[in-house]
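See below for start_28.txt, which holds compact mmCIF, C-alpha atoms.
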```
# COMPACT_ATOMS: atom_id res chain seq x y z
CA MET A 1 -45.44 -27.51 42.53
CA ALA A 2 -44.71 -30.68 40.57
CA LYS A 3 -41.09 -31.34 39.67
CA LEU A 4 -39.82 -32.10 36.17
CA SER A 5 -37.01 -34.60 35.72
CA THR A 6 -33.71 -33.69 34.08
CA GLY A 7 -34.69 -35.86 31.11
CA LEU A 8 -37.94 -33.95 30.55
CA ARG A 9 -36.26 -30.56 31.05
CA ASP A 10 -33.51 -31.48 28.56
CA HIS A 11 -36.17 -32.66 26.10
CA LEU A 12 -37.94 -29.30 26.39
CA LEU A 13 -34.73 -27.38 25.81
CA THR A 14 -33.27 -29.37 22.94
CA THR A 15 -35.56 -31.97 21.42
CA GLY A 16 -39.22 -31.18 21.56
CA ASP A 17 -42.28 -29.84 23.30
CA PHE A 18 -43.82 -30.80 26.61
CA GLN A 19 -46.68 -32.70 25.01
CA SER A 20 -44.41 -34.99 23.00
CA GLY A 21 -42.32 -35.57 26.12
CA VAL A 22 -45.18 -36.96 28.21
CA ASP A 23 -47.77 -38.33 25.76
CA GLY A 24 -48.02 -42.10 25.92
CA GLY A 25 -46.98 -42.24 29.57
CA VAL A 26 -48.96 -43.27 32.64
CA ILE A 27 -49.39 -41.89 36.13
CA PHE A 28 -47.96 -44.08 38.88
CA ILE A 29 -49.38 -43.30 42.34
CA PHE A 30 -47.31 -44.27 45.38
CA SER A 31 -47.34 -44.29 49.16
CA GLY A 32 -44.36 -43.42 51.32
CA THR A 33 -41.86 -40.58 51.37
CA PRO A 34 -41.42 -39.04 47.91
CA PRO A 35 -37.92 -39.00 46.44
CA ALA A 36 -36.32 -35.53 46.59
CA THR A 37 -36.39 -35.14 42.80
CA ALA A 38 -38.08 -36.77 39.82
CA ASP A 39 -34.64 -38.14 38.84
CA ASP A 40 -34.15 -40.02 42.12
CA ALA A 41 -34.86 -43.71 42.58
CA LEU A 42 -37.90 -44.87 44.47
CA SER A 43 -36.99 -46.06 47.96
CA GLY A 44 -39.35 -48.30 49.86
CA ASN A 45 -42.39 -46.81 48.13
CA THR A 46 -45.45 -48.94 47.38
CA LEU A 47 -47.13 -48.65 44.00
CA LEU A 48 -50.83 -48.19 44.74
CA CYS A 49 -52.27 -47.58 41.29
CA THR A 50 -51.27 -46.99 37.67
CA ILE A 51 -53.50 -44.53 35.81
CA SER A 52 -53.75 -45.36 32.12
CA ASN A 53 -56.23 -44.84 29.30
CA ASN A 54 -59.45 -46.36 30.70
CA ALA A 55 -57.41 -48.71 32.93
CA ALA A 56 -56.34 -50.63 29.82
CA GLY A 57 -52.60 -50.29 30.41
CA THR A 58 -52.14 -47.97 27.44
CA GLY A 59 -50.62 -44.52 27.57
CA ILE A 60 -52.51 -41.33 28.24
CA THR A 61 -52.24 -38.08 26.31
CA MET A 62 -52.57 -34.39 26.89
CA ALA A 63 -54.98 -32.10 25.00
CA ALA A 64 -54.21 -31.16 21.40
CA ALA A 65 -53.59 -27.51 22.24
CA ALA A 66 -52.80 -25.26 25.19
CA ALA A 67 -54.92 -22.27 26.14
CA GLY A 68 -53.74 -19.34 28.24
CA GLY A 69 -50.49 -21.07 29.13
CA VAL A 70 -52.24 -24.22 30.38
CA LEU A 71 -52.24 -27.69 28.81
CA GLY A 72 -54.85 -30.12 30.14
CA LYS A 73 -55.60 -33.81 29.84
CA ASN A 74 -57.14 -35.12 26.66
CA THR A 75 -60.86 -34.90 27.52
CA ALA A 76 -61.65 -37.74 25.10
CA GLU A 77 -59.76 -40.16 27.36
CA ILE A 78 -60.78 -41.68 30.68
CA TRP A 79 -57.75 -41.62 32.95
CA ARG A 80 -58.25 -44.39 35.50
CA GLY A 81 -56.61 -47.38 37.08
CA GLN A 82 -57.29 -50.26 39.42
CA ILE A 83 -55.74 -50.05 42.87
CA VAL A 84 -53.23 -52.89 43.37
CA ALA A 85 -52.30 -52.31 47.05
CA ASN A 86 -53.79 -50.72 50.16
CA GLY A 87 -52.19 -47.52 51.36
CA THR A 88 -52.23 -43.75 51.64
CA ALA A 89 -51.29 -41.98 48.41
CA THR A 90 -48.55 -39.39 48.94
CA PHE A 91 -47.06 -38.71 45.49
CA TYR A 92 -47.27 -39.54 41.81
CA ARG A 93 -45.00 -39.84 38.81
CA PHE A 94 -46.20 -39.21 35.27
CA ALA A 95 -43.66 -41.32 33.42
CA PRO A 96 -43.19 -43.69 30.49
CA ILE A 97 -45.09 -46.98 30.85
CA ALA A 98 -41.83 -48.92 31.14
CA ASP A 99 -40.29 -46.60 33.77
CA ASP A 100 -38.43 -48.74 36.31
CA GLY A 101 -38.32 -46.13 39.09
CA LEU A 102 -34.53 -46.22 39.26
CA LEU A 103 -32.21 -43.20 39.32
CA SER A 104 -32.30 -41.59 35.87
CA THR A 105 -31.30 -38.26 34.37
CA THR A 106 -32.77 -39.22 30.98
CA ALA A 107 -36.27 -40.49 31.86
CA LYS A 108 -39.05 -37.98 31.13
CA ARG A 109 -40.95 -37.71 34.42
CA ILE A 110 -43.18 -35.35 36.36
CA GLN A 111 -43.33 -35.93 40.10
CA GLY A 112 -45.87 -34.27 42.36
CA THR A 113 -47.68 -34.53 45.64
CA VAL A 114 -51.03 -36.28 46.15
CA GLY A 115 -53.50 -35.06 48.74
CA ALA A 116 -57.07 -34.09 49.53
CA LEU A 117 -56.17 -30.36 49.57
CA ASN A 118 -53.23 -28.21 48.50
CA ALA A 119 -51.51 -30.91 46.44
CA ASP A 120 -50.41 -31.26 42.83
CA LEU A 121 -52.91 -34.09 42.29
CA ILE A 122 -56.05 -33.97 44.39
CA PHE A 123 -58.26 -36.90 45.34
CA SER A 124 -61.20 -36.52 47.73
CA ASN A 125 -59.87 -39.60 49.56
CA VAL A 126 -56.17 -40.48 49.58
CA ASN A 127 -56.73 -43.86 51.25
CA PHE A 128 -56.50 -46.42 48.47
CA VAL A 129 -58.18 -49.83 48.81
CA GLN A 130 -57.02 -52.74 46.67
CA GLY A 131 -59.48 -53.73 43.95
CA ASN A 132 -61.17 -50.32 43.73
CA PHE A 133 -60.58 -47.91 40.86
CA ARG A 134 -59.34 -44.31 40.86
CA GLN A 135 -59.99 -41.81 38.10
CA ILE A 136 -58.40 -38.47 37.23
CA ASP A 137 -60.92 -36.13 35.66
CA ASN A 138 -58.73 -33.01 35.58
CA TYR A 139 -54.99 -32.68 35.08
CA ASN A 140 -53.41 -29.41 33.98
CA VAL A 141 -49.84 -28.26 33.50
CA ALA A 142 -49.25 -24.52 33.43
CA GLN A 143 -46.33 -22.59 32.02
CA PRO A 144 -45.63 -19.76 34.44
CA THR A 145 -45.59 -16.18 33.25
CA ALA A 146 -42.39 -14.15 33.33
```

Write the structure described by the file as C-alpha cells, please.
Amino acid sequence: MAKLSTGLRDHLLTTGDFQSGVDGGVIFIFSGTPPATADDALSGNTLLCTISNNAAGTGITMAAAAAGGVLGKNTAEIWRGQIVANGTATFYRFAPIADDGLLSTTAKRIQGTVGALNADLIFSNVNFVQGNFRQIDNYNVAQPTA
C-alpha cells in the first residue's frame, strides 16, 4: 500500500482534503531501493521519468469527485512523461513539481511501489528506456472502510 508523507497526513487532518493536497503535482518514477517513508530523502535513486499533464511539465489532477470511497485520476488529462534515464522502475512519488527529494515532514507526497504485478503502480514493463514515453491510464486512491 502506498505511503502518505507526514505533510500530506497533516494537511488531511488540519488544512484540507486529499484532492487539494495532491492536485498540481507530478509523479516521479525512480529506480533503486525506495526510502523507508515518503518523508525520507532519496538516496542514490535515479529519476527515470516524470509523469505530468501530457508530458508538458504541468501538474496533474485527480477527478472532481470520489465514488464509493475511491478517487481516480482526472480522465480528461493524459498522464505521461518522457523517460530520461535507462533503468528498472521500483517506486514512485506523487509530489509537488518542485519537490527536491530531500528529507521533509511538510512536503505533500505519496510514495508507492512500481511493478508488473502486485504493486501500487503497475506497468506491463518496468524496464525504462531513455527517450521513450510512459503513460498512466489509471490511478486510484481509496479510503479504507472502518

Polymer residues at most 8 Å from segment 62-69 of chain A, all atoms listed in the file, same-chain spacing of 4 or more positions, as a list in words: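 So the residues in contact are Gln19, Val22, Asp23, Lys73, Asn74, Thr75, Ala142, Gln143 and Pro144 of chain A.
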
For segment 30-70 of chain A versus segment 118-132 of chain A, which residues have an atom no more than 10 Å away, and what is each residue's nearest atom pair and distance in Å rounded to one decimal, using all atoms listed in the file, chain-then-number order, as a Markdown table?
```
| residue | atom | partner | partner_atom | distance |
| --- | --- | --- | --- | --- |
| A:Phe30 | CA | A:Phe128 | CA | 9.9 |
| A:Ser31 | CA | A:Phe128 | CA | 9.4 |
| A:Leu48 | CA | A:Phe128 | CA | 7.0 |
| A:Cys49 | CA | A:Phe128 | CA | 8.4 |
```

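The residue that comes closest to Ala38 of chain A, out of A:Leu8, A:Val84, A:Val141, A:Val70 and on the basis of only C-alpha atoms, is A:Leu8.
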
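A straight line drawn from atom CA of Gln111 of chain A to atom CA of Asn140 of chain A is 13.5 Å long.
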
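Each of A:Gln82, A:Thr88, A:Thr37, A:Ser20 was compared to Asn53 of chain A using all atoms listed in the file, and A:Gln82 turns out to be the nearest.
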
Hey, which of A:Ile97, A:Phe91, A:Thr106, A:Asn138 ends up closest to Leu42 of chain A? Count all atoms listed in the file.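 Closest candidate: A:Phe91.
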
If we count all atoms listed in the file and set the cut-off at 10 Å, which residues sit around Asn45 of chain A, ignoring sequence neighbours fewer than 4 positions away in its own chain? Please answer as a PDB file with C-alpha atoms, keeping the file's coordinate frame.
```
ATOM      1  CA  ILE A  29     -49.380 -43.300  42.340  1.00  0.00           C
ATOM      2  CA  PHE A  30     -47.310 -44.270  45.380  1.00  0.00           C
ATOM      3  CA  SER A  31     -47.340 -44.290  49.160  1.00  0.00           C
ATOM      4  CA  GLY A  32     -44.360 -43.420  51.320  1.00  0.00           C
ATOM      5  CA  THR A  33     -41.860 -40.580  51.370  1.00  0.00           C
ATOM      6  CA  PRO A  34     -41.420 -39.040  47.910  1.00  0.00           C
ATOM      7  CA  PRO A  35     -37.920 -39.000  46.440  1.00  0.00           C
ATOM      8  CA  ALA A  41     -34.860 -43.710  42.580  1.00  0.00           C
ATOM      9  CA  THR A  90     -48.550 -39.390  48.940  1.00  0.00           C
ATOM     10  CA  PHE A  91     -47.060 -38.710  45.490  1.00  0.00           C
ATOM     11  CA  GLY A 101     -38.320 -46.130  39.090  1.00  0.00           C
TER      12      GLY A 101
END
```

Could you tell me which of A:Ala85, A:Ala2, A:Gly59, A:Ala36 comes closest to Leu103 of chain A if we count all atoms listed in the file?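 Closest to Leu103 of chain A of all the choices is A:Ala36.
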
From the options A:Gly81, A:Pro96, A:Gly16, A:Gly57, which residue's atoms come nearest to Ile136 of chain A, counting all atoms listed in the file?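 Checking each candidate against Ile136 of chain A, we get A:Gly81 as the closest.
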
Rank nothing, just name the residue among A:Ile83, A:Phe18, A:Leu13, A:Met1 nearest to Gln135 of chain A, using only C-alpha atoms. A:Ile83

Counting all atoms listed in the file, find residues at most 8 Å from (-36.6, -32.7, 38.5) (file frame) and give them as an MDAnalysis selection string. chainID A and resid 3:6 9 37:39 109:111

Can you work out the spacing between atom CA of Glu77 of chain A and atom CA of Gly21 of chain A in Å, to one decimal?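 Pair atom CA of Glu77 of chain A / atom CA of Gly21 of chain A returns 18.1 Å.
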
Report, as JSON, the centre and edge lengths in Å (one decimal) of the axis-aligned box enclosing every listed atom of segment 141-144 of chain A, padded by 3 Å on each side.
```
{"center_x": -47.7, "center_y": -24.0, "center_z": 33.2, "size_x": 10.2, "size_y": 14.5, "size_z": 8.4}
```

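What separates atom CA of Lys108 of chain A from atom CA of Gly44 of chain A is a distance of 21.4 Å.
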
N, CA, C and O atoms are needed for segment 88-104 of chain A; please write them out as a PDB file, keeping the file's coordinate frame.
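File part21.pdb, as written:
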```pdb
ATOM      1  N   THR A  88     -51.917 -45.177  51.732  1.00  0.00           N
ATOM      2  CA  THR A  88     -52.230 -43.750  51.640  1.00  0.00           C
ATOM      3  C   THR A  88     -51.367 -43.142  50.542  1.00  0.00           C
ATOM      4  O   THR A  88     -50.132 -43.174  50.627  1.00  0.00           O
ATOM      5  N   ALA A  89     -52.015 -42.587  49.534  1.00  0.00           N
ATOM      6  CA  ALA A  89     -51.290 -41.980  48.410  1.00  0.00           C
ATOM      7  C   ALA A  89     -50.600 -40.703  48.874  1.00  0.00           C
ATOM      8  O   ALA A  89     -51.214 -39.854  49.534  1.00  0.00           O
ATOM      9  N   THR A  90     -49.313 -40.577  48.543  1.00  0.00           N
ATOM     10  CA  THR A  90     -48.550 -39.390  48.940  1.00  0.00           C
ATOM     11  C   THR A  90     -47.927 -38.654  47.749  1.00  0.00           C
ATOM     12  O   THR A  90     -47.698 -37.457  47.830  1.00  0.00           O
ATOM     13  N   PHE A  91     -47.644 -39.380  46.658  1.00  0.00           N
ATOM     14  CA  PHE A  91     -47.060 -38.710  45.490  1.00  0.00           C
ATOM     15  C   PHE A  91     -47.321 -39.527  44.234  1.00  0.00           C
ATOM     16  O   PHE A  91     -47.725 -40.681  44.296  1.00  0.00           O
ATOM     17  N   TYR A  92     -47.088 -38.867  43.090  1.00  0.00           N
ATOM     18  CA  TYR A  92     -47.270 -39.540  41.810  1.00  0.00           C
ATOM     19  C   TYR A  92     -46.078 -39.247  40.909  1.00  0.00           C
ATOM     20  O   TYR A  92     -45.330 -38.284  41.119  1.00  0.00           O
ATOM     21  N   ARG A  93     -45.939 -40.086  39.909  1.00  0.00           N
ATOM     22  CA  ARG A  93     -45.000 -39.840  38.810  1.00  0.00           C
ATOM     23  C   ARG A  93     -45.729 -40.092  37.498  1.00  0.00           C
ATOM     24  O   ARG A  93     -46.274 -41.161  37.278  1.00  0.00           O
ATOM     25  N   PHE A  94     -45.734 -39.079  36.652  1.00  0.00           N
ATOM     26  CA  PHE A  94     -46.200 -39.210  35.270  1.00  0.00           C
ATOM     27  C   PHE A  94     -44.946 -39.581  34.511  1.00  0.00           C
ATOM     28  O   PHE A  94     -44.005 -38.797  34.418  1.00  0.00           O
ATOM     29  N   ALA A  95     -44.892 -40.793  34.002  1.00  0.00           N
ATOM     30  CA  ALA A  95     -43.660 -41.320  33.420  1.00  0.00           C
ATOM     31  C   ALA A  95     -43.977 -42.298  32.303  1.00  0.00           C
ATOM     32  O   ALA A  95     -45.117 -42.734  32.156  1.00  0.00           O
ATOM     33  N   PRO A  96     -42.971 -42.676  31.513  1.00  0.00           N
ATOM     34  CA  PRO A  96     -43.190 -43.690  30.490  1.00  0.00           C
ATOM     35  C   PRO A  96     -43.721 -44.990  31.104  1.00  0.00           C
ATOM     36  O   PRO A  96     -43.404 -45.321  32.255  1.00  0.00           O
ATOM     37  N   ILE A  97     -44.509 -45.726  30.359  1.00  0.00           N
ATOM     38  CA  ILE A  97     -45.090 -46.980  30.850  1.00  0.00           C
ATOM     39  C   ILE A  97     -44.017 -47.914  31.403  1.00  0.00           C
ATOM     40  O   ILE A  97     -44.205 -48.552  32.425  1.00  0.00           O
ATOM     41  N   ALA A  98     -42.883 -47.990  30.744  1.00  0.00           N
ATOM     42  CA  ALA A  98     -41.830 -48.920  31.140  1.00  0.00           C
ATOM     43  C   ALA A  98     -40.870 -48.351  32.182  1.00  0.00           C
ATOM     44  O   ALA A  98     -39.847 -48.958  32.476  1.00  0.00           O
ATOM     45  N   ASP A  99     -41.190 -47.208  32.774  1.00  0.00           N
ATOM     46  CA  ASP A  99     -40.290 -46.600  33.770  1.00  0.00           C
ATOM     47  C   ASP A  99     -40.064 -47.577  34.921  1.00  0.00           C
ATOM     48  O   ASP A  99     -41.002 -48.136  35.474  1.00  0.00           O
ATOM     49  N   ASP A 100     -38.784 -47.775  35.270  1.00  0.00           N
ATOM     50  CA  ASP A 100     -38.430 -48.740  36.310  1.00  0.00           C
ATOM     51  C   ASP A 100     -38.270 -48.119  37.691  1.00  0.00           C
ATOM     52  O   ASP A 100     -37.988 -48.819  38.668  1.00  0.00           O
ATOM     53  N   GLY A 101     -38.418 -46.788  37.793  1.00  0.00           N
ATOM     54  CA  GLY A 101     -38.320 -46.130  39.090  1.00  0.00           C
ATOM     55  C   GLY A 101     -36.915 -45.978  39.624  1.00  0.00           C
ATOM     56  O   GLY A 101     -36.718 -45.530  40.757  1.00  0.00           O
ATOM     57  N   LEU A 102     -35.924 -46.344  38.825  1.00  0.00           N
ATOM     58  CA  LEU A 102     -34.530 -46.220  39.260  1.00  0.00           C
ATOM     59  C   LEU A 102     -34.011 -44.806  38.992  1.00  0.00           C
ATOM     60  O   LEU A 102     -34.626 -44.031  38.255  1.00  0.00           O
ATOM     61  N   LEU A 103     -32.868 -44.478  39.562  1.00  0.00           N
ATOM     62  CA  LEU A 103     -32.210 -43.200  39.320  1.00  0.00           C
ATOM     63  C   LEU A 103     -32.032 -43.014  37.818  1.00  0.00           C
ATOM     64  O   LEU A 103     -31.542 -43.913  37.126  1.00  0.00           O
ATOM     65  N   SER A 104     -32.457 -41.857  37.296  1.00  0.00           N
ATOM     66  CA  SER A 104     -32.300 -41.590  35.870  1.00  0.00           C
ATOM     67  C   SER A 104     -32.275 -40.087  35.629  1.00  0.00           C
ATOM     68  O   SER A 104     -33.099 -39.350  36.171  1.00  0.00           O
TER      69      SER A 104
END
```
